[in-house]
Amino acid sequence: MKTKDNKNVIYWLFTGCFLIFVMVIIGGITRLTDSGLSISNYKLITGTIPPIGDAEWQKAFELYQQHPEFKHYNSHFNIDDFKSIYFWEWLHRLIGRLIGLVFLIPFAYFLITKQLTKPTIKKCIVLLGLGAFQGFLGWYMVKSGLVDMPDVSHFRLAAHLTAAFLTFAATLWVALDLIYPSKKLINKKYRNLIIVTYVVLLIQIIYGAFIAGLKAGLIHNHWPLMNDGQFMHDTVLVLKPLYINFLENPSGIQFVHRILAFVVATLIGLLWFKSKKIDLTKPQSYAIQSLVILTVVQFALGVFTLILHVPLWLGVLHQVGAFFLLTAMTFMLHRFSK
């Protein structure tokens, strides 16, 4: 009998992490190419196969023509235009189905062959629940753009994206638990600073999703100041009550995203500075070094994405940068946890 929580289990978890990473990239492309509403009906099994033949494509196109996105934005589309956006949404959903199979089938095998300890079984059940919830949020998000307005709710988009990031982080955490079964708390205050930084980074990721959902990256394309040489543009606080500007006003949301970028960079700089006073293990040292490098790269990507009006390749790279940054933060938090 194979040992419990063996290398195969770790490889399985890392495969899940990789597929979630790929899905986030495809999801970013889907969003930036406005492809997310191209498939207006959901079929779990038969939807795995795209339309085959002219008749099926015409039927899918006619269904798309009944919904708001075509009527408001894409009435000029022909069947070839439709196929181009259909591809990305279909691929996004296909990878989602693949992730489900990659989690479920090996999990069942490891259970039957008794290769999992009870704590790992419990953690994996949580991961399965997170994955299912992520799929539900994807459907819930798309549904918001098929009724009256041809845009998905930026709140639902943020929930969908954040759930994907958290599912990845949780999967990585379980894998790290198996790789590093023993943990040593080096410095409680330092660990608490990591937690604060982690939370702020998650909030920044949520605001990044708000930016994407409201296309707020297409305004105020200047840096470090906003339009007209203003630190806070006049349009940032136009809505009432005041707090609505930071939840629904594209200018206000971009302003928050700008400020949080400096806050995240400052916190990670503080982590690096304070780490010099701690006797670090090699993994811990590598974690903080990677975190600093990724922060600099991600900050630069954010600036260029903004001033170049969000080209597809830069928008995707910026989202990938956020993913890598969260990966490094998750590893760092794990290495400084009890």
# chains A, B, ... in the order shown; residues from 1 in each chain; ligands from 1
$ residues_around --residues "stretch 97-106 of chain A" --least-positions-apart "3" --cutoff "7 Å" --atoms "only C-alpha atoms" --output "PyMOL selection string"
chain A and resi 16+19+93-94+109-110
$ closest_atom_pairs --of "stretch 178-285 of chain A" --to "stretch 310-317 of chain A" --cutoff "12 Å" --atoms "only C-alpha atoms" --output "Markdown table"
| residue | atom | partner | partner_atom | distance |
| --- | --- | --- | --- | --- |
| A:Gly208 | CA | A:Gly315 | CA | 10.6 |
| A:Ala209 | CA | A:Gly315 | CA | 11.6 |
| A:Ile211 | CA | A:Val310 | CA | 10.9 |
| A:Ala212 | CA | A:Gly315 | CA | 9.3 |
| A:Lys215 | CA | A:Val310 | CA | 9.3 |
| A:Ala216 | CA | A:Val310 | CA | 9.9 |
| A:Gly217 | CA | A:Val310 | CA | 6.5 |
| A:Leu218 | CA | A:Val310 | CA | 6.8 |
| A:Ile219 | CA | A:Val310 | CA | 10.0 |
| A:His220 | CA | A:Val310 | CA | 11.7 |
| A:Asn221 | CA | A:Val310 | CA | 9.2 |
$ residues_around --residues "A:Thr33" --least-positions-apart "3" --cutoff "8 Å" --atoms "only C-alpha atoms" --output "ChimeraX atom specification"
/A:29-30,85,312
$ write_last_selection --atoms "N, CA and C atoms" --output "PDB file, in the first residue's frame"
ATOM      1  N   ILE A  29      -8.547  36.963 -20.911  1.00  0.00           N
ATOM      2  CA  ILE A  29      -8.682  37.183 -22.347  1.00  0.00           C
ATOM      3  C   ILE A  29     -10.159  37.271 -22.738  1.00  0.00           C
ATOM      4  N   THR A  30     -10.958  36.401 -22.135  1.00  0.00           N
ATOM      5  CA  THR A  30     -12.395  36.408 -22.414  1.00  0.00           C
ATOM      6  C   THR A  30     -13.015  37.755 -22.074  1.00  0.00           C
ATOM      7  N   ILE A  85     -15.493  35.367 -30.788  1.00  0.00           N
ATOM      8  CA  ILE A  85     -15.736  35.582 -29.358  1.00  0.00           C
ATOM      9  C   ILE A  85     -16.261  34.313 -28.688  1.00  0.00           C
ATOM     10  N   LEU A 312      -4.617  44.278 -25.020  1.00  0.00           N
ATOM     11  CA  LEU A 312      -4.950  42.923 -24.575  1.00  0.00           C
ATOM     12  C   LEU A 312      -3.785  42.230 -23.889  1.00  0.00           C
TER      13      LEU A 312
END
$ residues_around --residues "A:Val263" --least-positions-apart "6" --cutoff "10 Å" --atoms "only C-alpha atoms" --output "number ranges by chain"
A: 197, 200-201, 204, 257, 269
$ closest_residue --among "A:Glu248, A:Val303, A:Leu161, A:Ala265" --to "A:Leu225" --atoms "only C-alpha atoms"
A:Val303
$ residues_around --residues "A:Ile293" --least-positions-apart "2" --cutoff "12 Å" --atoms "only C-alpha atoms" --output "number ranges by chain"
A: 265, 268-269, 272, 286-291, 295-300, 321, 324-325, 328
$ write_last_selection --atoms "N, CA and C atoms" --output "JSON list (two decimals), in the first residue's frame"
[["chain", "number", "residue", "atom", "x", "y", "z"],
["A", 265, "ALA", "N", 2.62, 48.10, -2.21],
["A", 265, "ALA", "CA", 4.08, 48.21, -2.41],
["A", 265, "ALA", "C", 4.77, 48.62, -1.11],
["A", 268, "ILE", "N", 4.78, 45.60, 1.37],
["A", 268, "ILE", "CA", 5.75, 44.58, 0.99],
["A", 268, "ILE", "C", 7.17, 45.09, 1.19],
["A", 269, "GLY", "N", 7.39, 46.38, 0.95],
["A", 269, "GLY", "CA", 8.69, 46.97, 1.27],
["A", 269, "GLY", "C", 8.98, 46.88, 2.76],
["A", 272, "TRP", "N", 10.00, 43.36, 3.62],
["A", 272, "TRP", "CA", 11.39, 43.13, 3.23],
["A", 272, "TRP", "C", 12.34, 43.76, 4.25],
["A", 286, "TYR", "N", 13.80, 33.17, 0.14],
["A", 286, "TYR", "CA", 13.40, 33.17, -1.26],
["A", 286, "TYR", "C", 12.02, 33.79, -1.44],
["A", 287, "ALA", "N", 11.14, 33.54, -0.47],
["A", 287, "ALA", "CA", 9.77, 34.05, -0.55],
["A", 287, "ALA", "C", 9.75, 35.58, -0.53],
["A", 288, "ILE", "N", 10.50, 36.18, 0.40],
["A", 288, "ILE", "CA", 10.47, 37.64, 0.50],
["A", 288, "ILE", "C", 11.17, 38.28, -0.69],
["A", 289, "GLN", "N", 12.23, 37.66, -1.19],
["A", 289, "GLN", "CA", 12.91, 38.20, -2.37],
["A", 289, "GLN", "C", 12.00, 38.15, -3.60],
["A", 290, "SER", "N", 11.32, 37.03, -3.77],
["A", 290, "SER", "CA", 10.39, 36.89, -4.90],
["A", 290, "SER", "C", 9.26, 37.90, -4.80],
["A", 291, "LEU", "N", 8.80, 38.12, -3.59],
["A", 291, "LEU", "CA", 7.69, 39.04, -3.36],
["A", 291, "LEU", "C", 8.07, 40.46, -3.77],
["A", 295, "THR", "N", 6.46, 42.47, -6.96],
["A", 295, "THR", "CA", 5.76, 43.73, -6.68],
["A", 295, "THR", "C", 6.22, 44.82, -7.63],
["A", 296, "VAL", "N", 7.53, 44.92, -7.84],
["A", 296, "VAL", "CA", 8.07, 45.92, -8.76],
["A", 296, "VAL", "C", 7.55, 45.68, -10.18],
["A", 297, "VAL", "N", 7.59, 44.43, -10.61],
["A", 297, "VAL", "CA", 7.12, 44.08, -11.95],
["A", 297, "VAL", "C", 5.63, 44.38, -12.11],
["A", 298, "GLN", "N", 4.84, 43.98, -11.11],
["A", 298, "GLN", "CA", 3.39, 44.18, -11.17],
["A", 298, "GLN", "C", 3.03, 45.66, -11.16],
["A", 299, "PHE", "N", 3.75, 46.45, -10.38],
["A", 299, "PHE", "CA", 3.51, 47.88, -10.34],
["A", 299, "PHE", "C", 3.77, 48.49, -11.72],
["A", 300, "ALA", "N", 4.88, 48.10, -12.33],
["A", 300, "ALA", "CA", 5.23, 48.61, -13.65],
["A", 300, "ALA", "C", 4.20, 48.19, -14.69],
["A", 321, "GLY", "N", 0.34, 38.89, -13.33],
["A", 321, "GLY", "CA", 1.20, 39.42, -12.28],
["A", 321, "GLY", "C", 0.51, 39.38, -10.92],
["A", 324, "PHE", "N", 0.65, 35.77, -9.68],
["A", 324, "PHE", "CA", 1.96, 35.41, -9.14],
["A", 324, "PHE", "C", 2.21, 36.08, -7.79],
["A", 325, "LEU", "N", 1.75, 37.30, -7.68],
["A", 325, "LEU", "CA", 1.93, 38.03, -6.42],
["A", 325, "LEU", "C", 1.17, 37.35, -5.29],
["A", 328, "ALA", "N", 3.06, 34.17, -4.29],
["A", 328, "ALA", "CA", 4.21, 34.45, -3.42],
["A", 328, "ALA", "C", 3.75, 34.82, -2.01]]
$ closest_residue --among "A:Lys7, A:Lys276, A:Lys189, A:Arg258" --to "A:Ser337" --atoms "only C-alpha atoms"
A:Lys189
$ residues_around --residues "A:Phe70" --least-positions-apart "5" --cutoff "10 Å" --atoms "only C-alpha atoms" --output "list in words"
Leu37, Ser38, Phe61, Leu63, Tyr64, Gln65, Ser75, His76, Phe77, Phe82 and Pro150 of chain A
$ write_last_selection --atoms "N, CA and C atoms" --output "tab-separated table (two decimals), in the first residue's frame"
chain	number	residue	atom	x	y	z
A	37	LEU	N	-20.22	36.89	-22.98
A	37	LEU	CA	-21.67	36.71	-23.15
A	37	LEU	C	-22.02	36.04	-24.47
A	38	SER	N	-21.02	35.44	-25.11
A	38	SER	CA	-21.25	34.87	-26.43
A	38	SER	C	-22.05	33.56	-26.38
A	61	PHE	N	-25.70	31.44	-33.31
A	61	PHE	CA	-25.63	32.86	-33.62
A	61	PHE	C	-27.01	33.52	-33.47
A	63	LEU	N	-29.34	32.57	-31.49
A	63	LEU	CA	-29.62	32.68	-30.05
A	63	LEU	C	-28.90	33.88	-29.46
A	64	TYR	N	-27.66	34.10	-29.88
A	64	TYR	CA	-26.89	35.26	-29.41
A	64	TYR	C	-27.57	36.57	-29.85
A	65	GLN	N	-28.15	36.58	-31.03
A	65	GLN	CA	-28.79	37.79	-31.54
A	65	GLN	C	-30.01	38.21	-30.74
A	75	SER	N	-24.45	44.56	-33.21
A	75	SER	CA	-25.43	44.31	-34.27
A	75	SER	C	-24.77	44.21	-35.65
A	76	HIS	N	-23.52	44.69	-35.75
A	76	HIS	CA	-22.78	44.62	-37.00
A	76	HIS	C	-22.08	43.28	-37.20
A	77	PHE	N	-22.13	42.41	-36.18
A	77	PHE	CA	-21.42	41.12	-36.23
A	77	PHE	C	-21.98	40.22	-37.32
A	82	PHE	N	-18.81	36.35	-34.63
A	82	PHE	CA	-19.39	35.62	-33.52
A	82	PHE	C	-18.52	34.42	-33.13
A	150	PRO	N	-26.21	44.77	-21.55
A	150	PRO	CA	-25.25	43.82	-22.10
A	150	PRO	C	-23.90	43.85	-21.38
$ select_by_dssp --residues "stretch 151-235 of chain A" --states "alpha helix (DSSP H)" --output "ChimeraX atom specification"
/A:154-179,188-214
$ residues_around --residues "stretch 226-237 of chain A" --least-positions-apart "2" --cutoff "10 Å" --atoms "only C-alpha atoms" --output "list in words"
Ile219, His220, Asn221, His222, Trp223, Pro224, Leu239, Lys240, Pro241, Leu242, Tyr243, Ile244, Asn245, Phe246, Asn249, Pro250, Ser251, Gly252, Ile253, Gln254, Phe255, Val256 and Arg258 of chain A
$ write_last_selection --atoms "N, CA and C atoms" --output "PDB file, in the first residue's frame"
ATOM      1  N   ILE A 219     -10.137  55.164 -18.825  1.00  0.00           N
ATOM      2  CA  ILE A 219     -10.231  56.585 -18.496  1.00  0.00           C
ATOM      3  C   ILE A 219      -9.021  56.980 -17.646  1.00  0.00           C
ATOM      4  N   HIS A 220      -8.754  58.266 -17.572  1.00  0.00           N
ATOM      5  CA  HIS A 220      -7.642  58.783 -16.759  1.00  0.00           C
ATOM      6  C   HIS A 220      -6.346  58.035 -17.074  1.00  0.00           C
ATOM      7  N   ASN A 221      -5.998  58.004 -18.361  1.00  0.00           N
ATOM      8  CA  ASN A 221      -4.833  57.214 -18.778  1.00  0.00           C
ATOM      9  C   ASN A 221      -3.537  58.010 -18.668  1.00  0.00           C
ATOM     10  N   HIS A 222      -3.313  58.509 -17.464  1.00  0.00           N
ATOM     11  CA  HIS A 222      -2.091  59.245 -17.139  1.00  0.00           C
ATOM     12  C   HIS A 222      -1.554  58.715 -15.803  1.00  0.00           C
ATOM     13  N   TRP A 223      -0.246  58.914 -15.613  1.00  0.00           N
ATOM     14  CA  TRP A 223       0.367  58.483 -14.361  1.00  0.00           C
ATOM     15  C   TRP A 223       1.619  59.324 -14.120  1.00  0.00           C
ATOM     16  N   PRO A 224       1.910  59.731 -12.872  1.00  0.00           N
ATOM     17  CA  PRO A 224       1.264  59.320 -11.608  1.00  0.00           C
ATOM     18  C   PRO A 224      -0.012  60.090 -11.273  1.00  0.00           C
ATOM     19  N   LEU A 239     -20.690  61.282  -7.183  1.00  0.00           N
ATOM     20  CA  LEU A 239     -21.917  60.591  -6.789  1.00  0.00           C
ATOM     21  C   LEU A 239     -22.210  60.779  -5.308  1.00  0.00           C
ATOM     22  N   LYS A 240     -23.481  60.665  -4.973  1.00  0.00           N
ATOM     23  CA  LYS A 240     -23.913  60.719  -3.573  1.00  0.00           C
ATOM     24  C   LYS A 240     -24.808  59.529  -3.286  1.00  0.00           C
ATOM     25  N   PRO A 241     -24.689  58.921  -2.109  1.00  0.00           N
ATOM     26  CA  PRO A 241     -23.762  59.251  -1.032  1.00  0.00           C
ATOM     27  C   PRO A 241     -22.304  58.981  -1.413  1.00  0.00           C
ATOM     28  N   LEU A 242     -21.402  59.506  -0.609  1.00  0.00           N
ATOM     29  CA  LEU A 242     -19.978  59.523  -0.927  1.00  0.00           C
ATOM     30  C   LEU A 242     -19.416  58.138  -1.219  1.00  0.00           C
ATOM     31  N   TYR A 243     -19.797  57.133  -0.411  1.00  0.00           N
ATOM     32  CA  TYR A 243     -19.176  55.816  -0.532  1.00  0.00           C
ATOM     33  C   TYR A 243     -19.474  55.144  -1.867  1.00  0.00           C
ATOM     34  N   ILE A 244     -20.577  55.546  -2.534  1.00  0.00           N
ATOM     35  CA  ILE A 244     -20.944  54.949  -3.818  1.00  0.00           C
ATOM     36  C   ILE A 244     -19.850  55.176  -4.856  1.00  0.00           C
ATOM     37  N   ASN A 245     -19.122  56.292  -4.719  1.00  0.00           N
ATOM     38  CA  ASN A 245     -18.052  56.595  -5.665  1.00  0.00           C
ATOM     39  C   ASN A 245     -16.970  55.523  -5.666  1.00  0.00           C
ATOM     40  N   PHE A 246     -16.788  54.855  -4.542  1.00  0.00           N
ATOM     41  CA  PHE A 246     -15.722  53.858  -4.434  1.00  0.00           C
ATOM     42  C   PHE A 246     -16.225  52.439  -4.696  1.00  0.00           C
ATOM     43  N   ASN A 249     -18.555  54.166  -9.165  1.00  0.00           N
ATOM     44  CA  ASN A 249     -18.050  55.223 -10.032  1.00  0.00           C
ATOM     45  C   ASN A 249     -16.697  54.791 -10.619  1.00  0.00           C
ATOM     46  N   PRO A 250     -16.584  54.627 -11.940  1.00  0.00           N
ATOM     47  CA  PRO A 250     -15.318  54.191 -12.538  1.00  0.00           C
ATOM     48  C   PRO A 250     -14.121  55.048 -12.129  1.00  0.00           C
ATOM     49  N   SER A 251     -14.321  56.367 -12.046  1.00  0.00           N
ATOM     50  CA  SER A 251     -13.223  57.250 -11.644  1.00  0.00           C
ATOM     51  C   SER A 251     -12.815  56.998 -10.195  1.00  0.00           C
ATOM     52  N   GLY A 252     -13.816  56.855  -9.325  1.00  0.00           N
ATOM     53  CA  GLY A 252     -13.531  56.598  -7.915  1.00  0.00           C
ATOM     54  C   GLY A 252     -12.851  55.256  -7.720  1.00  0.00           C
ATOM     55  N   ILE A 253     -13.294  54.251  -8.472  1.00  0.00           N
ATOM     56  CA  ILE A 253     -12.704  52.917  -8.348  1.00  0.00           C
ATOM     57  C   ILE A 253     -11.261  52.919  -8.845  1.00  0.00           C
ATOM     58  N   GLN A 254     -11.006  53.625  -9.955  1.00  0.00           N
ATOM     59  CA  GLN A 254      -9.622  53.687 -10.433  1.00  0.00           C
ATOM     60  C   GLN A 254      -8.734  54.409  -9.426  1.00  0.00           C
ATOM     61  N   PHE A 255      -9.273  55.452  -8.803  1.00  0.00           N
ATOM     62  CA  PHE A 255      -8.501  56.183  -7.801  1.00  0.00           C
ATOM     63  C   PHE A 255      -8.117  55.271  -6.634  1.00  0.00           C
ATOM     64  N   VAL A 256      -9.067  54.471  -6.155  1.00  0.00           N
ATOM     65  CA  VAL A 256      -8.774  53.540  -5.069  1.00  0.00           C
ATOM     66  C   VAL A 256      -7.716  52.528  -5.502  1.00  0.00           C
ATOM     67  N   ARG A 258      -5.384  52.908  -7.701  1.00  0.00           N
ATOM     68  CA  ARG A 258      -4.083  53.595  -7.726  1.00  0.00           C
ATOM     69  C   ARG A 258      -3.490  53.687  -6.324  1.00  0.00           C
TER      70      ARG A 258
END
$ atom_distance --atom1 "atom CA of A:Met23" --atom2 "atom CA of A:Ile95"
6.2 Å
$ atom_distance --atom1 "atom CA of A:Ser35" --atom2 "atom CA of A:Trp88"
6.3 Å
$ closest_residue --among "A:Ile121, A:Cys17, A:Asp34, A:Thr3" --to "A:Asp81" --atoms "only C-alpha atoms"
A:Asp34
$ closest_atom_pairs --of "stretch 3-49 of chain A" --to "stretch 128-147 of chain A" --cutoff "10 Å" --atoms "only C-alpha atoms" --output "Markdown table"
| residue | atom | partner | partner_atom | distance |
| --- | --- | --- | --- | --- |
| A:Ile20 | CA | A:Gly131 | CA | 9.7 |
| A:Gly36 | CA | A:Val142 | CA | 7.0 |
| A:Leu37 | CA | A:Val142 | CA | 6.4 |
| A:Ser38 | CA | A:Val142 | CA | 9.6 |
| A:Ile39 | CA | A:Val142 | CA | 9.1 |
| A:Ser40 | CA | A:Leu146 | CA | 7.1 |
| A:Asn41 | CA | A:Lys143 | CA | 9.3 |
| A:Tyr42 | CA | A:Trp139 | CA | 8.0 |
$ atom_distance --atom1 "atom CA of A:Ile203" --atom2 "atom CA of A:Thr327"
15.2 Å
$ closest_residue --among "A:Phe107, A:Phe21, A:Phe262, A:Phe336" --to "A:Tyr190" --atoms "only C-alpha atoms"
A:Phe336
